[in-house]
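Comments concern the structure below.
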Amino acid sequence: MKQYIKSNRILLILLALAVAVSAAVIAVRWRAEADNKSYDIVLDYNELELLAEQSEHDVAWWLAQFRDMGITQVGLTEESLITLMENSPLAVTAAMMDEVIQDSDWAESYPAAFVQDIQRYGYDRFDVLVQVSGRDAAGFVVDAVERRFHSRDVVLLDQGEEAYILLNGTVNDTLYSAAASYYTTMNKGFVERREIQSSKLMYISLGLMPEKVETIQSLGMSIVPRTLCYNGRNDARYAQAVLEGYEKYGITPDYIIAGGEAVVGYDEQEDAFALDYIQSNNITVGLIETNVQRENIMQSGVEDIARATDYNMVRVFSVWDYIQFRYGYYGYQGAEEIENTLYRAIVERNIRIIYFKPIKQQDNRFAYVTDPQIYRDMFESLDQRLAAHSIVRGRASVLENVQVPPLAMLVLGLGAGIGGALLPATCLPVKRRWTLLLAGAACVCVAGAWYAAPNSFRLLASFASAVVFACLAAAFFLSAAKGLSRSLPQDAGLLRILPRAALLLAGAVLIALCGAMMTAAPLSSTDYMLELGIFRGVKAAQLAPLAFFCVLFLAYYGLFEKDRQSNTLQIRDVAGALRWTIPVWTLALLAAVGAVGYYYLARTGHETDVTVSSVEIILRNILENNLLARPRTKEFLAAFPCAMLAAYCAVRRLPFWTGLFGLVSAIGLTSVCNTFMHIRTPLYLGFVRTGYSLVLGMVLGVIYVCCFELAYRLCRRIRQKYGETEQRENV
């Protein structure tokens with residue numbers, strides 16, 4: 001290792017300078033994150049109505065209860081034909097013409113004048129036929145339709161007490177059922193059909209219900225209007241009607257949480273109704289996180305508004321139905337697991353608005369928890385836990401717009417390129433001049449990529465740094481472990497081995513942390529912190545260092561050679577590996593390691609079918625409740641203790657176990673970089689988490705080494721006894 005450092009000191013100094021630049025870049029991000037310490041809660045009015053139906057109190061009483069818990073924002077969805085039919089006292093019916101015309105006498109059910117108008121206008125099965133009864137209902141629907149739809153798309157007959165409307169729909173508006181297969185009596189497939197079920201026109205927002213607005217505002221609470229917009233039906237006329245509806249009730253929302261397919265008025269971008277309204281009223285736009293907790297639900301226009309408003313946006317966590325059911329989960333008595341979910345969203349994923357829906361019973365998915373004390377206890381406990389992170393409840397704070405300077409981005413890319421050029425010399429007999437030439441070529445390629453593809457460049461620089469530094473950390477670890485075996489005798493005591501093994505582990509983790517900063521720095525901009533962009537290639541960044549470790553081990557130990565002097569890969573090593581006769585027990589062990597590796601990769605993220613066990617979830621929750629940040633399980637339980645085991649085995653001249661434990665430790669070094677790939681997670685959590693993992697890993701490492709030492713001594717005694725017995729028998 002000393003010779004390697006001496007031969008490559010110039011490149012290592014340049015690499016250190018790149019790391020210093022990364023530290024300066026993430027320092028700016030750190031300050032922005034330190035000011036982003038306020039979150040808010042928005043109640044979902046629709047589900048609160050359902051909760052009230054199952055309790056002894058009305059929705060106003062429940063709103064007052066939540067207001068007393070410090071929640072003042074209420075999300076109110078505008079009415080649509082669907083909600084008016086299903087959840088309102090108004091007499092409204094709407095049906096697809098495809099369904100209506102299947103009745104040959106359908107025309108006799110409507111006024112002759114209206115039938116003549118729609119026959120003259122022309123209709124098809126994609127249209128929507130609406131009938132409204134009652135003066136209040138007719139007034140609400142007719143006014144909404146006239147304000148939102150162009151006259152060319154509507155046939156209307158308003159009779160005061162009743163109204164009849166034909167909305168001109170298109171195939172692009174139509175909603176179909178999933179393909180249904182028809183079968184013959186011989187159970188053979190005959191034909192597949194998709195039936196028309198509905199239309200987007202039935203979901204278009206028609207305005208806020210006055211009674212609901214009055215209920216909320218009379219309690220001194222603020223309304224966050226939820227307007228559903230759909231492409232092709234979302235022009236300037238529609239946007240003007242929506243904003244006039246807000247003004248009618250004196251609503252100037254703190255937040256806009258877009259629904260449907262687009263931001264209000266986005267069919268005609270040049271009019272920019274929503275943008276002008278948002279900017280003039282300093283409204284914060286909410287980005288709803290997907291139900292797999294990765295990226296956001298992106299409507300048309302969101303990214304344009306983000307750039308135009310200097311990223312005046314916050315991430316929103318919607319309490320999805322599978323979260324609502326976590327009452328009494330994992331053996332808890334109440335809503336503790338729902339609280340844990342909200343805590344993780346706010347602390348770990350830059351969520352600053354909780355869109356809260358009432359809790360449901362785990363054993364009855366239609367029954368709500370109707371004890372207000374459950375909600376009160378949960379929010380009080382949540383606020384107490386968040387106080388440890390200096391996060392308080394109030395208006396949702398907005399991240400400062402942080403961007404990485406182009407020249408800093410170039411330096412970060414050059415650092416990744418230089419680091420990559422240093423890797424071959426860790427395991428191959430590469431002369432200094434060839435390493436310098438390789439570094440020069442890498443720098444030229446990096447500069448070209450920076451100039452030609454600046455947007456893709458930051459992703460490539462981040463990915464390359466994650467791989468390169470994890471490989472450098474693994475190379476340092478294995479080289480130092482082998483050096484430790486040369487400086488200590490085989491029978492060295494644990495008091496001599498353990499401190500050195502701990503220092504070796506700390507050094508490797510420090511190199512990995514440098515890589516973590518180099519990984520985070522290129523993406524330390526507000527758009528990535530808001531997950532408008534995400535890191536790509538997480539699994540590849542995890543696998544590549546493990547493959548490199550295998551090459552390193554072959555270079556340093558060959559096929560488990562105890563007294564190997566060379567630290568470089570040779571042709572005979574490769575040939576020997578290809579000719580290696582693998583024992584059956586080794587195959588079984590490798591199969592077990594492979595299964596563990598698959599589980600490790602498959603469970604990464606929330607999109608896979610491989611889930612975390614209940615035992616591990618409970619362990620995570622205990623750690624979260626008692627530490628500032630939860631250390632990563634694979635680091636402190638397996639990887640870091642195995643690093644100390646690998647160093648111990650190197651001293652004991654046990655190359656097979658050195659390789660096996662070293663491979664597990666490489667997972668931990670990769671994990672350190674992986675922690676900082678999640679750009680949405682505040683930086684301080686990554687450093688604290690890694691620190692906890694290192695300390696706990698060292699403690700467990702001491703325990704693991706002591707246990708392995710006992711097993712090692714026991715095996716030696718058995719072998720010695722067996723050998724003495726065999727010698728006596730031969731005599």
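If you're wondering about the labels, chains in the structure tokens are A, B, ... by order shown, residues count from 1 in each chain, ligands from 1 in order shown.
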Stretch 660-666 of chain A: which residues within 7 Å, counting only C-alpha atoms, same-chain residues fewer than 3 positions away excluded, as an mmCIF file with all heavy atoms, in the first residue's frame?
```cif
data_model
loop_
_atom_site.group_PDB
_atom_site.id
_atom_site.type_symbol
_atom_site.label_atom_id
_atom_site.label_comp_id
_atom_site.auth_asym_id
_atom_site.auth_seq_id
_atom_site.Cartn_x
_atom_site.Cartn_y
_atom_site.Cartn_z
ATOM 1 N N ALA A 474 -12.470 -0.969 -1.024
ATOM 2 C CA ALA A 474 -12.251 -2.415 -0.951
ATOM 3 C C ALA A 474 -10.782 -2.756 -1.167
ATOM 4 O O ALA A 474 -10.226 -3.646 -0.494
ATOM 5 C CB ALA A 474 -13.128 -3.124 -1.989
ATOM 6 N N LEU A 546 -18.564 -5.438 -5.811
ATOM 7 C CA LEU A 546 -18.444 -6.827 -5.346
ATOM 8 C C LEU A 546 -17.670 -7.656 -6.362
ATOM 9 O O LEU A 546 -16.832 -8.495 -5.995
ATOM 10 C CB LEU A 546 -19.839 -7.421 -5.118
ATOM 11 C CG LEU A 546 -20.740 -6.673 -4.122
ATOM 12 C CD1 LEU A 546 -22.039 -7.445 -3.905
ATOM 13 C CD2 LEU A 546 -20.020 -6.466 -2.799
ATOM 14 N N PHE A 549 -14.063 -6.758 -6.027
ATOM 15 C CA PHE A 549 -13.447 -7.368 -4.851
ATOM 16 C C PHE A 549 -12.988 -8.787 -5.166
ATOM 17 O O PHE A 549 -11.916 -9.214 -4.696
ATOM 18 C CB PHE A 549 -14.423 -7.384 -3.676
ATOM 19 C CG PHE A 549 -13.854 -8.020 -2.440
ATOM 20 C CD1 PHE A 549 -13.107 -7.284 -1.539
ATOM 21 C CD2 PHE A 549 -14.030 -9.379 -2.194
ATOM 22 C CE1 PHE A 549 -12.556 -7.875 -0.409
ATOM 23 C CE2 PHE A 549 -13.483 -9.979 -1.070
ATOM 24 C CZ PHE A 549 -12.745 -9.229 -0.173
ATOM 25 N N ALA A 639 -21.917 -6.417 7.606
ATOM 26 C CA ALA A 639 -20.762 -6.000 6.812
ATOM 27 C C ALA A 639 -19.593 -5.511 7.664
ATOM 28 O O ALA A 639 -18.447 -5.965 7.483
ATOM 29 C CB ALA A 639 -21.191 -4.914 5.822
ATOM 30 N N PHE A 640 -19.834 -4.581 8.574
ATOM 31 C CA PHE A 640 -18.725 -4.019 9.346
ATOM 32 C C PHE A 640 -18.134 -5.036 10.337
ATOM 33 O O PHE A 640 -16.906 -5.126 10.466
ATOM 34 C CB PHE A 640 -19.167 -2.756 10.052
ATOM 35 C CG PHE A 640 -19.446 -1.610 9.102
ATOM 36 C CD1 PHE A 640 -20.069 -0.446 9.543
ATOM 37 C CD2 PHE A 640 -19.095 -1.676 7.759
ATOM 38 C CE1 PHE A 640 -20.317 0.607 8.678
ATOM 39 C CE2 PHE A 640 -19.347 -0.642 6.881
ATOM 40 C CZ PHE A 640 -19.968 0.506 7.344
ATOM 41 N N CYS A 642 -18.039 -8.185 9.804
ATOM 42 C CA CYS A 642 -17.316 -9.122 8.936
ATOM 43 C C CYS A 642 -15.996 -8.540 8.457
ATOM 44 O O CYS A 642 -15.050 -9.291 8.174
ATOM 45 C CB CYS A 642 -18.186 -9.512 7.742
ATOM 46 S SG CYS A 642 -19.434 -10.762 8.149
ATOM 47 N N ALA A 643 -15.897 -7.217 8.369
ATOM 48 C CA ALA A 643 -14.618 -6.603 8.019
ATOM 49 C C ALA A 643 -13.574 -6.914 9.090
ATOM 50 O O ALA A 643 -12.417 -7.239 8.787
ATOM 51 C CB ALA A 643 -14.783 -5.097 7.847
ATOM 52 N N LEU A 645 -13.728 -9.476 11.100
ATOM 53 C CA LEU A 645 -13.484 -10.922 10.985
ATOM 54 C C LEU A 645 -12.507 -11.221 9.856
ATOM 55 O O LEU A 645 -11.646 -12.105 9.984
ATOM 56 C CB LEU A 645 -14.808 -11.655 10.742
ATOM 57 C CG LEU A 645 -15.620 -12.041 11.973
ATOM 58 C CD1 LEU A 645 -17.002 -12.540 11.549
ATOM 59 C CD2 LEU A 645 -14.905 -13.120 12.774
ATOM 60 N N ALA A 646 -12.652 -10.505 8.736
ATOM 61 C CA ALA A 646 -11.749 -10.723 7.607
ATOM 62 C C ALA A 646 -10.312 -10.376 7.990
ATOM 63 O O ALA A 646 -9.365 -11.107 7.641
ATOM 64 C CB ALA A 646 -12.204 -9.892 6.407
ATOM 65 N N PHE A 656 -9.519 -18.535 2.874
ATOM 66 C CA PHE A 656 -10.893 -18.726 2.408
ATOM 67 C C PHE A 656 -11.844 -17.843 3.203
ATOM 68 O O PHE A 656 -12.698 -17.135 2.646
ATOM 69 C CB PHE A 656 -11.307 -20.193 2.542
ATOM 70 C CG PHE A 656 -12.752 -20.433 2.190
ATOM 71 C CD1 PHE A 656 -13.142 -20.560 0.876
ATOM 72 C CD2 PHE A 656 -13.731 -20.498 3.180
ATOM 73 C CE1 PHE A 656 -14.478 -20.754 0.543
ATOM 74 C CE2 PHE A 656 -15.055 -20.691 2.858
ATOM 75 C CZ PHE A 656 -15.433 -20.833 1.540
ATOM 76 N N TRP A 657 -11.701 -17.868 4.528
ATOM 77 C CA TRP A 657 -12.584 -17.064 5.371
ATOM 78 C C TRP A 657 -12.285 -15.577 5.224
ATOM 79 O O TRP A 657 -13.185 -14.737 5.331
ATOM 80 C CB TRP A 657 -12.460 -17.506 6.831
ATOM 81 C CG TRP A 657 -12.944 -18.905 7.040
ATOM 82 C CD1 TRP A 657 -12.204 -20.025 7.237
ATOM 83 C CD2 TRP A 657 -14.315 -19.324 7.030
ATOM 84 N NE1 TRP A 657 -13.012 -21.130 7.349
ATOM 85 C CE2 TRP A 657 -14.316 -20.720 7.241
ATOM 86 C CE3 TRP A 657 -15.529 -18.668 6.881
ATOM 87 C CZ2 TRP A 657 -15.489 -21.467 7.286
ATOM 88 C CZ3 TRP A 657 -16.699 -19.406 6.927
ATOM 89 C CH2 TRP A 657 -16.672 -20.780 7.133
ATOM 90 N N LEU A 669 -19.202 -1.392 2.482
ATOM 91 C CA LEU A 669 -18.530 -0.224 1.905
ATOM 92 C C LEU A 669 -19.342 0.347 0.750
ATOM 93 O O LEU A 669 -19.430 1.564 0.572
ATOM 94 C CB LEU A 669 -17.125 -0.620 1.440
ATOM 95 C CG LEU A 669 -16.189 -1.137 2.547
ATOM 96 C CD1 LEU A 669 -14.866 -1.598 1.947
ATOM 97 C CD2 LEU A 669 -15.957 -0.064 3.605
ATOM 98 N N THR A 670 -19.942 -0.538 -0.026
ATOM 99 C CA THR A 670 -20.831 -0.096 -1.104
ATOM 100 C C THR A 670 -22.064 0.582 -0.535
ATOM 101 O O THR A 670 -22.560 1.575 -1.077
ATOM 102 C CB THR A 670 -21.241 -1.300 -1.966
ATOM 103 O OG1 THR A 670 -20.071 -1.950 -2.463
ATOM 104 C CG2 THR A 670 -22.103 -0.865 -3.136
#
```
- Message: I'd like the neighbourhood of A:Ile511 as a list in words, where a residue qualifies if any of its atoms comes within 10 Å (using only C-alpha atoms), though same-chain residues fewer than 2 positions away should be ignored.
- Response: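 Counting only the stated atoms, we get Phe469, Ala470, Cys471, Leu472, Ala473, Ala474, Phe476, Phe477, Ala506, Gly507, Ala508, Val509, Leu513, Cys514, Gly515, Ala516, Leu669, Val672 and Cys673 of chain A.
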- Task: Could you please write out, as a ChimeraX atom specification, every residue of stretch 271-417 of chain A that DSSP assigns to alpha helix (DSSP H)?
- Result: /A:273-280,302-308,321-324,336-348,372-387,406-417
- Item | Residue nearest A:Val128 among A:Val92, A:Ala60, A:Leu559, A:Leu201 (counting only C-alpha atoms) |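 Among the listed residues, A:Leu201 lies closest to A:Val128.
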- With only C-alpha atoms as the atoms that count, which of A:Arg393, A:Tyr692, A:Ala439, A:Tyr176 lies nearest to A:Gly70?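 Closest to A:Gly70 of all the choices is A:Arg393.
Distances from A:Gln490, A:Ser465, A:Asn401, A:Thr77 to A:Ala544 were compared using only C-alpha atoms, and the smallest one belongs to A:Ser465.
For the choices A:Val264, A:Ala179, A:Met209, A:Ile256, the atom-to-atom distance to A:Arg237 is smallest for A:Val264 when using only C-alpha atoms.
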- If you count only C-alpha atoms, which residues fall within 12 Å of A:Tyr249, apart from same-chain ones fewer than 3 positions away, as JSON, numbers by chain? {"A": [207, 208, 209, 210, 211, 212, 213, 214, 216, 217, 222, 223, 225, 242, 243, 244, 245, 246, 252, 253]}
Would you mind exporting all heavy atoms of the selected residues as a compact mmCIF listing (two decimals), in the first residue's frame?
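Result file is result-v2.txt:
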```
# COMPACT_ATOMS: atom_id res chain seq x y z
N GLY A 207 -66.53 22.60 -9.43
CA GLY A 207 -66.58 23.65 -8.42
C GLY A 207 -66.69 23.09 -7.02
O GLY A 207 -66.93 21.89 -6.82
N LEU A 208 -66.50 23.95 -6.04
CA LEU A 208 -66.58 23.57 -4.64
C LEU A 208 -68.02 23.64 -4.16
O LEU A 208 -68.76 24.57 -4.51
CB LEU A 208 -65.70 24.49 -3.80
CG LEU A 208 -64.20 24.44 -4.11
CD1 LEU A 208 -63.49 25.61 -3.43
CD2 LEU A 208 -63.59 23.12 -3.66
N MET A 209 -68.41 22.68 -3.33
CA MET A 209 -69.75 22.67 -2.77
C MET A 209 -69.85 23.75 -1.69
O MET A 209 -69.08 23.74 -0.72
CB MET A 209 -70.05 21.30 -2.19
CG MET A 209 -71.49 21.13 -1.73
SD MET A 209 -72.69 21.23 -3.08
CE MET A 209 -72.39 19.68 -3.92
N PRO A 210 -70.80 24.69 -1.82
CA PRO A 210 -70.87 25.83 -0.87
C PRO A 210 -71.03 25.38 0.58
O PRO A 210 -70.42 25.98 1.48
CB PRO A 210 -72.11 26.59 -1.34
CG PRO A 210 -72.27 26.21 -2.78
CD PRO A 210 -71.77 24.81 -2.90
N GLU A 211 -71.81 24.34 0.83
CA GLU A 211 -72.03 23.89 2.20
C GLU A 211 -70.74 23.40 2.84
O GLU A 211 -70.48 23.65 4.03
CB GLU A 211 -73.09 22.78 2.24
CG GLU A 211 -74.50 23.24 1.88
CD GLU A 211 -74.71 23.32 0.37
OE1 GLU A 211 -73.75 23.04 -0.40
OE2 GLU A 211 -75.83 23.67 -0.05
N LYS A 212 -69.92 22.71 2.09
CA LYS A 212 -68.65 22.20 2.62
C LYS A 212 -67.69 23.35 2.89
O LYS A 212 -66.98 23.35 3.91
CB LYS A 212 -68.03 21.20 1.64
CG LYS A 212 -68.87 19.94 1.44
CD LYS A 212 -68.22 19.00 0.44
CE LYS A 212 -69.07 17.75 0.23
NZ LYS A 212 -68.47 16.82 -0.74
N VAL A 213 -67.66 24.31 1.98
CA VAL A 213 -66.80 25.49 2.18
C VAL A 213 -67.19 26.21 3.46
O VAL A 213 -66.34 26.61 4.28
CB VAL A 213 -66.88 26.42 0.97
CG1 VAL A 213 -66.12 27.73 1.25
CG2 VAL A 213 -66.31 25.75 -0.27
N GLU A 214 -68.49 26.41 3.67
CA GLU A 214 -68.98 27.10 4.85
C GLU A 214 -68.61 26.36 6.12
O GLU A 214 -68.21 26.96 7.12
CB GLU A 214 -70.51 27.25 4.75
CG GLU A 214 -71.20 27.74 6.02
CD GLU A 214 -70.74 29.13 6.46
OE1 GLU A 214 -70.24 29.89 5.60
OE2 GLU A 214 -70.88 29.45 7.66
N ILE A 216 -66.05 24.40 6.71
CA ILE A 216 -64.61 24.52 6.99
C ILE A 216 -64.26 25.93 7.45
O ILE A 216 -63.59 26.14 8.46
CB ILE A 216 -63.79 24.13 5.74
CG1 ILE A 216 -64.03 22.66 5.38
CG2 ILE A 216 -62.30 24.39 5.97
CD1 ILE A 216 -63.49 22.27 4.02
N GLN A 217 -64.74 26.94 6.70
CA GLN A 217 -64.36 28.32 7.00
C GLN A 217 -64.97 28.82 8.31
O GLN A 217 -64.37 29.66 8.98
CB GLN A 217 -64.76 29.22 5.84
CG GLN A 217 -63.96 28.97 4.56
CD GLN A 217 -64.33 29.90 3.43
OE1 GLN A 217 -65.43 30.44 3.39
NE2 GLN A 217 -63.41 30.09 2.49
N SER A 222 -58.39 26.64 6.93
CA SER A 222 -58.08 27.04 5.55
C SER A 222 -58.34 25.89 4.59
O SER A 222 -58.15 24.72 4.94
CB SER A 222 -56.62 27.49 5.45
OG SER A 222 -56.37 28.57 6.31
N ILE A 223 -58.74 26.25 3.39
CA ILE A 223 -59.06 25.25 2.37
C ILE A 223 -57.90 25.12 1.39
O ILE A 223 -57.38 26.13 0.89
CB ILE A 223 -60.34 25.61 1.62
CG1 ILE A 223 -61.55 25.51 2.56
CG2 ILE A 223 -60.55 24.71 0.40
CD1 ILE A 223 -62.85 25.98 1.95
N PRO A 225 -57.79 23.67 -2.07
CA PRO A 225 -58.69 23.10 -3.08
C PRO A 225 -57.98 22.04 -3.92
O PRO A 225 -56.83 22.22 -4.32
CB PRO A 225 -59.08 24.31 -3.93
CG PRO A 225 -57.98 25.30 -3.72
CD PRO A 225 -57.45 25.07 -2.34
N VAL A 242 -62.07 27.97 -12.76
CA VAL A 242 -61.59 27.40 -11.50
C VAL A 242 -61.11 28.50 -10.56
O VAL A 242 -61.48 28.53 -9.37
CB VAL A 242 -60.45 26.39 -11.77
CG1 VAL A 242 -59.75 26.00 -10.47
CG2 VAL A 242 -61.00 25.15 -12.45
N LEU A 243 -60.30 29.41 -11.05
CA LEU A 243 -59.75 30.46 -10.20
C LEU A 243 -60.83 31.44 -9.74
O LEU A 243 -60.78 31.97 -8.62
CB LEU A 243 -58.64 31.20 -10.93
CG LEU A 243 -57.45 30.32 -11.36
CD1 LEU A 243 -56.37 31.17 -12.02
CD2 LEU A 243 -56.87 29.56 -10.17
N GLU A 244 -61.84 31.68 -10.58
CA GLU A 244 -62.97 32.52 -10.15
C GLU A 244 -63.75 31.83 -9.04
O GLU A 244 -64.29 32.49 -8.15
CB GLU A 244 -63.88 32.81 -11.35
CG GLU A 244 -63.30 33.82 -12.32
CD GLU A 244 -64.17 34.00 -13.55
OE1 GLU A 244 -65.16 33.24 -13.69
OE2 GLU A 244 -63.87 34.88 -14.38
N GLY A 245 -63.79 30.49 -9.09
CA GLY A 245 -64.44 29.74 -8.02
C GLY A 245 -63.71 29.92 -6.70
O GLY A 245 -64.34 30.07 -5.65
N TYR A 246 -62.38 29.90 -6.74
CA TYR A 246 -61.60 30.15 -5.52
C TYR A 246 -61.91 31.55 -4.98
O TYR A 246 -62.15 31.74 -3.77
CB TYR A 246 -60.10 30.05 -5.79
CG TYR A 246 -59.59 28.70 -6.24
CD1 TYR A 246 -58.28 28.56 -6.69
CD2 TYR A 246 -60.39 27.57 -6.22
CE1 TYR A 246 -57.78 27.33 -7.09
CE2 TYR A 246 -59.90 26.33 -6.63
CZ TYR A 246 -58.59 26.23 -7.08
OH TYR A 246 -58.11 25.02 -7.48
N THR A 252 -57.57 31.86 -0.87
CA THR A 252 -56.22 32.02 -1.42
C THR A 252 -55.37 30.97 -0.72
O THR A 252 -54.85 31.20 0.37
CB THR A 252 -55.66 33.43 -1.17
OG1 THR A 252 -56.56 34.40 -1.70
CG2 THR A 252 -54.30 33.58 -1.83
N PRO A 253 -55.22 29.81 -1.33
CA PRO A 253 -54.60 28.69 -0.62
C PRO A 253 -53.11 28.89 -0.40
O PRO A 253 -52.42 29.56 -1.18
CB PRO A 253 -54.86 27.50 -1.55
CG PRO A 253 -55.00 28.10 -2.90
CD PRO A 253 -55.63 29.45 -2.69
```
